[in-house]
Every structure is written in C-alpha cells, then in structure tokens.
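K.L.:
Below: one structure in structure tokens.
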Amino acid sequence: MSIIWTIIIGFIAGVIAKFIMPGDNEPSGFILTTILGIVGAFVATYLGQSLGWYRPGEGAGLVGAVVGAIIVLLVYGFVAGRSRRAI
C-alpha cells in the first residue's frame, strides 16, 4: 500500500509543482507531469529516510513530494536546457 500511496501523492505533487514552476524547458503533458511527480515523491521519500526524517517504510507527505518534484523539475530543466543549446 505504501507504493500506491506514494504514486497517488506523487501525481498530485507533480501537478502542484508544474503550477509552481511553469516554463519552456519543463515537460508538458499529463503523462510527463505525472511521472515527474511520482519520481519526485520517490526522491523525497528516499532523501527523507536517508536523513532520518521518515522511518523505514514511511513515505513522504504531500509537501515533501512537492519539494521532491520541484527538485526533479529543476534537474530536468537544467538537462533539457543543455541539450537544446548543444544542438
């Protein structure tokens, strides 16, 4: 149930992160936004467990997932911006 909850929270976090940080280099579309949020939720869960904020088996909450999605969005924008400039 923990992974399913992380996916649901990740979806919501992806939508919120997309509204917080709109831009040209960010992924567009429903599927990419969903994937962004899910990856962000897993990043927040992993970092939170590594830093001791969450117990093993405990997932990140909505705020942590949004922060994780924003981190993933920043990295994506940086990488996508570099590849577009190189072409």
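Chain labels follow the order of the structure tokens: the first chain is A, the next B, and so on; residue numbering restarts at 1 in every chain, and ligands are counted from 1 in their shown order.
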Write out as JSON lines the residues of segment 25-85 of chain A that have any atom within 10 Å of an atom of segment 3-9 of chain A, one row each with the nearest atom pair and its distance in Å to one decimal, counting only C-alpha atoms, sorted by chain and then rising number.

P.N.:
{"residue": "A:Thr34", "atom": "CA", "partner": "A:Ile7", "partner_atom": "CA", "distance": 8.8}
{"residue": "A:Ile35", "atom": "CA", "partner": "A:Ile7", "partner_atom": "CA", "distance": 9.0}
{"residue": "A:Gly37", "atom": "CA", "partner": "A:Ile9", "partner_atom": "CA", "distance": 7.9}
{"residue": "A:Ile38", "atom": "CA", "partner": "A:Ile7", "partner_atom": "CA", "distance": 5.4}
{"residue": "A:Val39", "atom": "CA", "partner": "A:Ile7", "partner_atom": "CA", "distance": 8.6}
{"residue": "A:Gly40", "atom": "CA", "partner": "A:Thr6", "partner_atom": "CA", "distance": 9.6}
{"residue": "A:Ala41", "atom": "CA", "partner": "A:Thr6", "partner_atom": "CA", "distance": 6.2}
{"residue": "A:Phe42", "atom": "CA", "partner": "A:Thr6", "partner_atom": "CA", "distance": 7.0}
{"residue": "A:Ala44", "atom": "CA", "partner": "A:Thr6", "partner_atom": "CA", "distance": 10.0}
{"residue": "A:Thr45", "atom": "CA", "partner": "A:Thr6", "partner_atom": "CA", "distance": 8.4}
{"residue": "A:Gly57", "atom": "CA", "partner": "A:Ile3", "partner_atom": "CA", "distance": 9.5}
{"residue": "A:Glu58", "atom": "CA", "partner": "A:Thr6", "partner_atom": "CA", "distance": 9.7}
{"residue": "A:Gly59", "atom": "CA", "partner": "A:Thr6", "partner_atom": "CA", "distance": 6.5}
{"residue": "A:Ala60", "atom": "CA", "partner": "A:Thr6", "partner_atom": "CA", "distance": 7.4}
{"residue": "A:Gly61", "atom": "CA", "partner": "A:Ile9", "partner_atom": "CA", "distance": 7.3}
{"residue": "A:Leu62", "atom": "CA", "partner": "A:Ile9", "partner_atom": "CA", "distance": 6.0}
{"residue": "A:Val63", "atom": "CA", "partner": "A:Ile9", "partner_atom": "CA", "distance": 9.5}
{"residue": "A:Gly64", "atom": "CA", "partner": "A:Ile9", "partner_atom": "CA", "distance": 9.8}
{"residue": "A:Ala65", "atom": "CA", "partner": "A:Ile9", "partner_atom": "CA", "distance": 7.0}
{"residue": "A:Val66", "atom": "CA", "partner": "A:Ile9", "partner_atom": "CA", "distance": 8.8}

K.L.:
Would you mind exporting the chosen residues as a tab-separated table (two decimals), in the first residue's frame, restricted to C-alpha atoms?

P.N.:
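See part35.tsv below for the written result:
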chain	number	residue	atom	x	y	z
A	34	THR	CA	2.50	12.53	-13.56
A	35	ILE	CA	5.87	10.82	-13.96
A	37	GLY	CA	5.51	13.94	-9.53
A	38	ILE	CA	5.93	10.22	-8.92
A	39	VAL	CA	9.70	10.45	-9.30
A	40	GLY	CA	9.67	13.50	-7.02
A	41	ALA	CA	7.71	11.60	-4.38
A	42	PHE	CA	10.18	8.71	-4.51
A	44	ALA	CA	11.55	12.87	-1.29
A	45	THR	CA	10.87	9.51	0.36
A	57	GLY	CA	8.59	2.09	5.20
A	58	GLU	CA	7.14	5.56	5.73
A	59	GLY	CA	6.61	7.67	2.63
A	60	ALA	CA	6.92	11.38	2.09
A	61	GLY	CA	3.88	13.55	2.62
A	62	LEU	CA	2.43	15.96	0.12
A	63	VAL	CA	4.75	18.84	0.98
A	64	GLY	CA	7.83	16.61	0.78
A	65	ALA	CA	6.64	15.17	-2.53
A	66	VAL	CA	6.09	18.66	-3.97

K.L.:
Please determine, counting only C-alpha atoms, which residue among A:Tyr54, A:Gly14, A:Ile31, A:Phe19 has the shortest atom-to-atom distance to Val72 of chain A.

P.N.:
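The answer is A:Gly14, which sits nearest to Val72 of chain A.
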
K.L.:
What is the atom CA of Arg55 of chain A-atom CA of Val67 of chain A distance in Å, reported with one decimal?

P.N.:
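Computed distance, atom CA of Arg55 of chain A to atom CA of Val67 of chain A, equals 18.5 Å.
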
K.L.:
For a test of reading the model, state the distance in Å between atom CA of Lys18 of chain A and atom CA of Gln49 of chain A, rounded to one decimal.

P.N.:
24.9 Å

K.L.:
What's the separation between atom CA of Ile20 of chain A and atom CA of Leu51 of chain A, in Å to one decimal place?

P.N.:
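So the two atoms, atom CA of Ile20 of chain A and atom CA of Leu51 of chain A, lie 25.4 Å apart.
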
K.L.:
Name the residues of segment 14-65 of chain A that fall into alpha helix (DSSP H) according to DSSP on the backbone, using the chain letters and numbers of this document, as a PyMOL selection string.

P.N.:
chain A and resi 14-20+30-51+62-65
